[in-house]
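Printed here is upload-v9.pdb (PDB, C-alpha atoms):
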ATOM      1  CA  MET C1159    -122.441  39.091  81.281
ATOM      2  CA  LYS C1160    -118.981  37.567  81.721
ATOM      3  CA  THR C1161    -116.887  37.313  78.550
ATOM      4  CA  LEU C1162    -114.965  34.125  77.777
ATOM      5  CA  VAL C1163    -112.583  33.760  74.856
ATOM      6  CA  LEU C1164    -112.915  30.346  73.207
ATOM      7  CA  ALA C1165    -109.566  29.517  71.619
ATOM      8  CA  SER C1166    -111.104  28.200  68.406
ATOM      9  CA  ASN C1167    -112.608  29.177  65.062
ATOM     10  CA  ASN C1168    -114.353  25.795  64.630
ATOM     11  CA  LYS C1169    -117.993  26.774  64.016
ATOM     12  CA  HIS C1170    -119.444  23.472  65.336
ATOM     13  CA  LYS C1171    -117.369  23.737  68.521
ATOM     14  CA  ILE C1172    -118.298  27.411  69.046
ATOM     15  CA  LYS C1173    -122.004  26.617  68.608
ATOM     16  CA  GLU C1174    -121.859  23.694  71.065
ATOM     17  CA  VAL C1175    -120.052  25.745  73.723
ATOM     18  CA  LYS C1176    -122.386  28.749  73.235
ATOM     19  CA  ASN C1177    -125.421  26.462  73.677
ATOM     20  CA  ILE C1178    -124.159  25.160  77.037
ATOM     21  CA  LEU C1179    -122.676  28.445  78.317
ATOM     22  CA  SER C1180    -125.604  30.543  77.108
ATOM     23  CA  SER C1181    -125.362  33.012  80.003
ATOM     24  CA  TYR C1182    -121.805  33.986  78.962
ATOM     25  CA  ASN C1183    -120.519  36.121  76.109
ATOM     26  CA  ILE C1184    -118.355  33.715  74.060
ATOM     27  CA  ILE C1185    -115.805  35.281  71.679
ATOM     28  CA  SER C1186    -113.974  33.241  69.021
ATOM     29  CA  LEU C1187    -110.333  33.857  68.057
ATOM     30  CA  GLU C1188    -111.490  35.464  64.809
ATOM     31  CA  GLU C1189    -113.709  37.902  66.727
ATOM     32  CA  LEU C1190    -110.768  38.608  69.030
ATOM     33  CA  GLY C1191    -108.533  39.389  66.037
ATOM     34  CA  PHE C1192    -106.097  36.542  66.742
ATOM     35  CA  PHE C1193    -104.975  34.793  63.559
ATOM     36  CA  ASP C1194    -101.631  33.209  64.503
ATOM     37  CA  ASP C1195    -101.099  29.457  64.493
ATOM     38  CA  ILE C1196    -100.523  27.993  67.950
ATOM     39  CA  GLU C1197     -98.178  25.015  67.855
ATOM     40  CA  GLU C1198     -99.801  22.212  69.841
ATOM     41  CA  ASN C1199     -96.732  20.154  70.670
ATOM     42  CA  GLY C1200     -97.956  18.558  73.894
ATOM     43  CA  SER C1201     -98.145  14.808  74.480
ATOM     44  CA  SER C1202    -101.715  14.771  75.877
ATOM     45  CA  THR C1203    -105.061  16.543  75.485
ATOM     46  CA  GLU C1204    -104.303  18.247  78.814
ATOM     47  CA  GLU C1205    -100.972  19.683  77.629
ATOM     48  CA  ASN C1206    -102.349  20.822  74.260
ATOM     49  CA  SER C1207    -105.385  22.592  75.731
ATOM     50  CA  GLU C1208    -103.148  24.377  78.242
ATOM     51  CA  ILE C1209    -100.696  25.471  75.518
ATOM     52  CA  LYS C1210    -103.601  27.155  73.674
ATOM     53  CA  THR C1211    -105.017  28.765  76.825
ATOM     54  CA  ARG C1212    -101.653  30.219  77.876
ATOM     55  CA  ALA C1213    -100.950  31.532  74.358
ATOM     56  CA  ILE C1214    -104.263  33.418  74.287
ATOM     57  CA  LEU C1215    -103.814  34.706  77.862
ATOM     58  CA  ASP C1216    -100.428  36.151  76.773
ATOM     59  CA  TYR C1217    -102.076  37.759  73.738
ATOM     60  CA  LEU C1218    -104.841  39.276  75.895
ATOM     61  CA  LYS C1219    -102.242  40.633  78.329
ATOM     62  CA  SER C1220    -100.390  42.301  75.445
ATOM     63  CA  LYS C1221    -103.674  43.957  74.401
ATOM     64  CA  LYS C1222    -104.484  44.913  78.025
ATOM     65  CA  LEU C1223    -107.678  42.826  77.945
ATOM     66  CA  ASP C1224    -108.795  40.974  81.062
ATOM     67  CA  TYR C1225    -110.910  38.105  79.741
ATOM     68  CA  ALA C1226    -110.915  34.482  80.831
ATOM     69  CA  VAL C1227    -109.910  31.908  78.200
ATOM     70  CA  ILE C1228    -111.118  28.395  77.471
ATOM     71  CA  ALA C1229    -109.406  26.035  75.066
ATOM     72  CA  ASP C1230    -110.068  22.407  74.382
ATOM     73  CA  ASP C1231    -108.194  19.521  72.881
ATOM     74  CA  SER C1232    -109.864  16.262  72.091
ATOM     75  CA  GLY C1233    -109.296  12.961  70.387
ATOM     76  CA  LEU C1234    -110.531   9.458  69.713
ATOM     77  CA  PHE C1235    -108.793   6.809  71.815
ATOM     78  CA  ILE C1236    -109.070   3.194  70.618
ATOM     79  CA  ASN C1237    -108.125   0.620  73.250
ATOM     80  CA  ALA C1238    -106.854  -2.110  70.897
ATOM     81  CA  LEU C1239    -104.569   0.440  69.194
ATOM     82  CA  ASN C1240    -102.933   1.552  72.461
ATOM     83  CA  GLY C1241    -104.959   4.764  72.472
ATOM     84  CA  GLU C1242    -104.403   5.724  68.833
ATOM     85  CA  PRO C1243    -105.230   8.017  67.113
ATOM     86  CA  GLY C1244    -105.464  10.030  70.367
ATOM     87  CA  ILE C1245    -104.065  13.545  70.152
ATOM     88  CA  TYR C1246    -103.265  12.921  66.468
ATOM     89  CA  SER C1247    -106.931  12.239  65.598
ATOM     90  CA  ALA C1248    -107.271  15.159  63.163
ATOM     91  CA  ARG C1249    -104.147  14.175  61.214
ATOM     92  CA  TYR C1250    -103.950  10.415  61.828
ATOM     93  CA  ALA C1251    -103.398   9.596  58.151
ATOM     94  CA  GLY C1252    -100.905  12.440  57.710
ATOM     95  CA  ASN C1253    -103.187  15.392  57.025
ATOM     96  CA  HIS C1254    -106.612  16.768  57.924
ATOM     97  CA  ASP C1255    -108.506  14.272  55.738
ATOM     98  CA  ASP C1256    -111.477  12.711  57.563
ATOM     99  CA  GLU C1257    -111.980   9.868  55.088
ATOM    100  CA  ALA C1258    -108.284   8.901  55.044
ATOM    101  CA  ASN C1259    -108.257   8.977  58.861
ATOM    102  CA  ARG C1260    -111.296   6.679  59.056
ATOM    103  CA  GLN C1261    -109.824   4.237  56.525
ATOM    104  CA  LYS C1262    -106.603   4.057  58.548
ATOM    105  CA  VAL C1263    -108.641   3.188  61.672
ATOM    106  CA  PHE C1264    -110.490   0.430  59.756
ATOM    107  CA  LYS C1265    -107.193  -0.951  58.415
ATOM    108  CA  ASN C1266    -105.497  -0.958  61.834
ATOM    109  CA  LEU C1267    -108.505  -2.633  63.475
ATOM    110  CA  ALA C1268    -108.950  -5.280  60.751
ATOM    111  CA  ASP C1269    -107.569  -8.164  62.864
ATOM    112  CA  LYS C1270    -108.755  -6.881  66.257
ATOM    113  CA  VAL C1271    -111.683  -8.300  68.233
ATOM    114  CA  ASP C1272    -111.846  -5.442  70.763
ATOM    115  CA  ARG C1273    -113.271  -2.358  69.030
ATOM    116  CA  SER C1274    -113.990  -0.360  72.201
ATOM    117  CA  ALA C1275    -113.065   3.326  72.156
ATOM    118  CA  TYR C1276    -113.781   6.670  73.740
ATOM    119  CA  PHE C1277    -113.665  10.308  72.813
ATOM    120  CA  GLU C1278    -111.914  12.531  75.360
ATOM    121  CA  CYS C1279    -112.104  16.296  75.633
ATOM    122  CA  ASN C1280    -109.880  18.297  77.951
ATOM    123  CA  ILE C1281    -110.941  21.904  78.500
ATOM    124  CA  CYS C1282    -108.388  24.252  80.020
ATOM    125  CA  TYR C1283    -109.788  27.375  81.690
ATOM    126  CA  GLY C1284    -107.429  30.228  82.408
ATOM    127  CA  ASP C1285    -107.714  33.681  83.948
ATOM    128  CA  SER C1286    -105.379  35.982  85.891
ATOM    129  CA  LYS C1287    -105.460  33.607  88.894
ATOM    130  CA  ASN C1288    -106.305  30.107  87.656
ATOM    131  CA  ILE C1289    -105.317  27.407  85.192
ATOM    132  CA  LEU C1290    -107.841  24.574  85.551
ATOM    133  CA  HIS C1291    -108.716  21.439  83.575
ATOM    134  CA  PHE C1292    -112.123  19.817  83.004
ATOM    135  CA  VAL C1293    -112.302  16.405  81.309
ATOM    136  CA  GLY C1294    -115.226  14.789  79.536
ATOM    137  CA  ARG C1295    -115.403  11.334  77.972
ATOM    138  CA  THR C1296    -117.985   9.415  75.974
ATOM    139  CA  TYR C1297    -117.672   5.675  75.363
ATOM    140  CA  GLY C1298    -118.524   3.378  72.477
ATOM    141  CA  ASN C1299    -117.171   1.035  69.805
ATOM    142  CA  ILE C1300    -115.777   1.434  66.306
ATOM    143  CA  THR C1301    -118.129   0.087  63.623
ATOM    144  CA  GLU C1302    -116.963  -1.996  60.649
ATOM    145  CA  GLU C1303    -118.443   0.434  58.134
ATOM    146  CA  LYS C1304    -119.608   4.030  58.001
ATOM    147  CA  ARG C1305    -123.114   4.702  59.322
ATOM    148  CA  GLY C1306    -124.897   8.018  58.909
ATOM    149  CA  SER C1307    -123.428  11.368  57.920
ATOM    150  CA  ASP C1308    -119.661  11.369  57.338
ATOM    151  CA  ALA C1309    -119.419  15.155  57.459
ATOM    152  CA  PHE C1310    -117.640  15.295  60.800
ATOM    153  CA  GLY C1311    -114.489  13.357  61.686
ATOM    154  CA  TYR C1312    -115.012   9.924  63.177
ATOM    155  CA  ASP C1313    -118.719  10.403  64.003
ATOM    156  CA  CYS C1314    -119.985   7.906  61.416
ATOM    157  CA  ILE C1315    -117.780   5.067  62.749
ATOM    158  CA  PHE C1316    -118.270   5.699  66.495
ATOM    159  CA  LEU C1317    -121.170   3.655  67.902
ATOM    160  CA  SER C1318    -122.183   5.464  71.080
ATOM    161  CA  ASP C1319    -122.894   3.353  74.178
ATOM    162  CA  ASP C1320    -125.321   6.055  75.341
ATOM    163  CA  LEU C1321    -127.287   6.413  72.107
ATOM    164  CA  GLY C1322    -127.124   2.912  70.597
ATOM    165  CA  LYS C1323    -126.273   4.483  67.215
ATOM    166  CA  THR C1324    -123.313   6.224  65.664
ATOM    167  CA  PHE C1325    -122.785   9.932  66.175
ATOM    168  CA  GLY C1326    -123.208  10.152  62.378
ATOM    169  CA  GLU C1327    -126.766   8.778  62.743
ATOM    170  CA  ALA C1328    -127.606  10.986  65.733
ATOM    171  CA  THR C1329    -129.177  14.424  65.636
ATOM    172  CA  GLU C1330    -127.021  17.342  66.726
ATOM    173  CA  GLU C1331    -129.065  17.545  69.944
ATOM    174  CA  GLU C1332    -128.626  13.829  70.691
ATOM    175  CA  LYS C1333    -124.888  13.986  70.113
ATOM    176  CA  ASP C1334    -124.448  17.165  72.159
ATOM    177  CA  SER C1335    -126.350  15.576  75.076
ATOM    178  CA  VAL C1336    -123.717  12.826  75.497
ATOM    179  CA  SER C1337    -120.617  14.258  73.804
ATOM    180  CA  HIS C1338    -117.202  14.417  75.420
ATOM    181  CA  ARG C1339    -117.050  18.177  74.830
ATOM    182  CA  GLY C1340    -120.543  18.672  76.261
ATOM    183  CA  ARG C1341    -119.579  16.756  79.406
ATOM    184  CA  ALA C1342    -116.363  18.744  79.858
ATOM    185  CA  VAL C1343    -118.165  22.070  79.294
ATOM    186  CA  ASP C1344    -120.867  21.024  81.798
ATOM    187  CA  LYS C1345    -118.150  20.546  84.460
ATOM    188  CA  LEU C1346    -116.676  23.946  83.576
ATOM    189  CA  LYS C1347    -120.149  25.527  83.787
ATOM    190  CA  ILE C1348    -120.673  24.152  87.316
ATOM    191  CA  TRP C1349    -117.292  25.564  88.398
ATOM    192  CA  LEU C1350    -118.050  28.965  86.813
ATOM    193  CA  GLU C1351    -121.417  29.158  88.588
ATOM    194  CA  GLU C1352    -119.804  28.284  91.929
ATOM    195  CA  ASN C1353    -116.999  30.830  91.473
ATOM    196  CA  LYS C1354    -118.770  33.896  90.122
TER     197      LYS C1354
END

As a first step, turn the structure in this file into structure tokens.
Amino acid sequence: MKTLVLASNNKHKIKEVKNILSSYNIISLEELGFFDDIEENGSSTEENSEIKTRAILDYLKSKKLDYAVIADDSGLFINALNGEPGIYSARYAGNHDDEANRQKVFKNLADKVDRSAYFECNICYGDSKNILHFVGRTYGNITEEKRGSDAFGYDCIFLSDDLGKTFGEATEEEKDSVSHRGRAVDKLKIWLEENK
């Protein structure tokens, strides 16, 4: 079974990736023993995911480990706000506060008619020979109030075109079936199967 290092300690993310890549051994950064902060100073999801992948590849090299690495960066892109919050989605209101981030979105959209938006996930895969990117998107609109569970980021204000309800109202299975990360990981899975 091929081992892939997932450059994350986010339990929801790890679970989602493990579900899709079930025939691979997925190791988190914690399991790898990597506890440093990686500065994501890129200007796009593509740059940030690659920064993380390269940092972990360097760490693996220093430990003489030959694993492939996958890292993702994602964000919510709102068309009427010129793509905001984008790569700053997690800290849109200044810190990692989901409720403050959502309220800032509501405030900035108050006078806007167009509430269309999409989530984008860019997965960067890296090994000794390749650095590759796989992009997934899921489309919808921003609601005018929270709907469903507000436990996870912008889920309760993102009305999915695919599901006809917010991600906050959807089951985990429903969300995973149409999510931006799921779609990006599916593309990665196809590539991995074709390049065993």

Extract, using all atoms listed in the file, all DNA, RNA and protein residues at most 10 Å from Glu1188 (chain C), discarding same-chain residues fewer than 3 positions from it, and format them as a ChimeraX atom specification.
/C:1164-1167,1185,1191-1193

Between C:Thr1324, C:Thr1211, C:Glu1351, C:Ile1184, which is the closest to Glu1197 (chain C) once you count all atoms listed in the file?
C:Thr1211

If the PyMOL selection byres ((chain C and resi 1345) around 12) is run on the structure shown, which residues does it catch, given as a PDB file with C-alpha atoms, in the coordinates of the input?
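Result file is out-v2.pdb:
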ATOM      1  CA  ILE C1178    -124.159  25.160  77.037  1.00  0.00           C
ATOM      2  CA  LEU C1179    -122.676  28.445  78.317  1.00  0.00           C
ATOM      3  CA  CYS C1279    -112.104  16.296  75.633  1.00  0.00           C
ATOM      4  CA  ASN C1280    -109.880  18.297  77.951  1.00  0.00           C
ATOM      5  CA  ILE C1281    -110.941  21.904  78.500  1.00  0.00           C
ATOM      6  CA  CYS C1282    -108.388  24.252  80.020  1.00  0.00           C
ATOM      7  CA  TYR C1283    -109.788  27.375  81.690  1.00  0.00           C
ATOM      8  CA  LEU C1290    -107.841  24.574  85.551  1.00  0.00           C
ATOM      9  CA  HIS C1291    -108.716  21.439  83.575  1.00  0.00           C
ATOM     10  CA  PHE C1292    -112.123  19.817  83.004  1.00  0.00           C
ATOM     11  CA  VAL C1293    -112.302  16.405  81.309  1.00  0.00           C
ATOM     12  CA  GLY C1294    -115.226  14.789  79.536  1.00  0.00           C
ATOM     13  CA  ARG C1295    -115.403  11.334  77.972  1.00  0.00           C
ATOM     14  CA  HIS C1338    -117.202  14.417  75.420  1.00  0.00           C
ATOM     15  CA  ARG C1339    -117.050  18.177  74.830  1.00  0.00           C
ATOM     16  CA  GLY C1340    -120.543  18.672  76.261  1.00  0.00           C
ATOM     17  CA  ARG C1341    -119.579  16.756  79.406  1.00  0.00           C
ATOM     18  CA  ALA C1342    -116.363  18.744  79.858  1.00  0.00           C
ATOM     19  CA  VAL C1343    -118.165  22.070  79.294  1.00  0.00           C
ATOM     20  CA  ASP C1344    -120.867  21.024  81.798  1.00  0.00           C
ATOM     21  CA  LEU C1346    -116.676  23.946  83.576  1.00  0.00           C
ATOM     22  CA  LYS C1347    -120.149  25.527  83.787  1.00  0.00           C
ATOM     23  CA  ILE C1348    -120.673  24.152  87.316  1.00  0.00           C
ATOM     24  CA  TRP C1349    -117.292  25.564  88.398  1.00  0.00           C
ATOM     25  CA  LEU C1350    -118.050  28.965  86.813  1.00  0.00           C
ATOM     26  CA  GLU C1351    -121.417  29.158  88.588  1.00  0.00           C
ATOM     27  CA  GLU C1352    -119.804  28.284  91.929  1.00  0.00           C
TER      28      GLU C1352
END

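Across the structure, CA of Phe1325 (chain C) and CA of Val1271 (chain C) are spaced 21.4 Å apart.
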
At a cut-off of 10 Å from (-117.8, -0.3, 60.2) in the coordinates of the file, what residues are picked up using all atoms listed in the file, written as number ranges by chain?
C: 1260-1261, 1263-1264, 1299-1305, 1314-1317

For the selection you just gave me, I'd like the residues written to a file as a compact mmCIF listing (two decimals), in the coordinates of the input, keeping C-alpha atoms.
# COMPACT_ATOMS: atom_id res chain seq x y z
CA ARG C 1260 -111.30 6.68 59.06
CA GLN C 1261 -109.82 4.24 56.52
CA VAL C 1263 -108.64 3.19 61.67
CA PHE C 1264 -110.49 0.43 59.76
CA ASN C 1299 -117.17 1.03 69.81
CA ILE C 1300 -115.78 1.43 66.31
CA THR C 1301 -118.13 0.09 63.62
CA GLU C 1302 -116.96 -2.00 60.65
CA GLU C 1303 -118.44 0.43 58.13
CA LYS C 1304 -119.61 4.03 58.00
CA ARG C 1305 -123.11 4.70 59.32
CA CYS C 1314 -119.98 7.91 61.42
CA ILE C 1315 -117.78 5.07 62.75
CA PHE C 1316 -118.27 5.70 66.50
CA LEU C 1317 -121.17 3.66 67.90

Enumerate, as a ChimeraX atom specification, the protein, DNA and RNA residues whose atoms approach (-115.8, 20.9, 60.8) to within 10 Å, taking into account only C-alpha atoms and the coordinate frame of the file.
/C:1167-1171,1256,1309-1311

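Using all atoms listed in the file, the shortest contact distance between Ile1245 (chain C) and any of C:Gly1233, C:Asp1272, C:Lys1221, C:Glu1174 is found at C:Gly1233.
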
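The spacing separating CA of Ala1226 (chain C) from CA of Glu1205 (chain C) amounts to 18.1 Å.
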
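Atom to atom, CA of Arg1249 (chain C) and CA of Glu1330 (chain C) stand 23.7 Å apart.
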
Excluding Asp1319 (chain C) and any residue of its chain fewer than 3 positions from it, enumerate the residues within 6 Å of it, using only C-alpha atoms, and give them as an MDAnalysis selection string.
chainID C and resid 1297:1298 1322
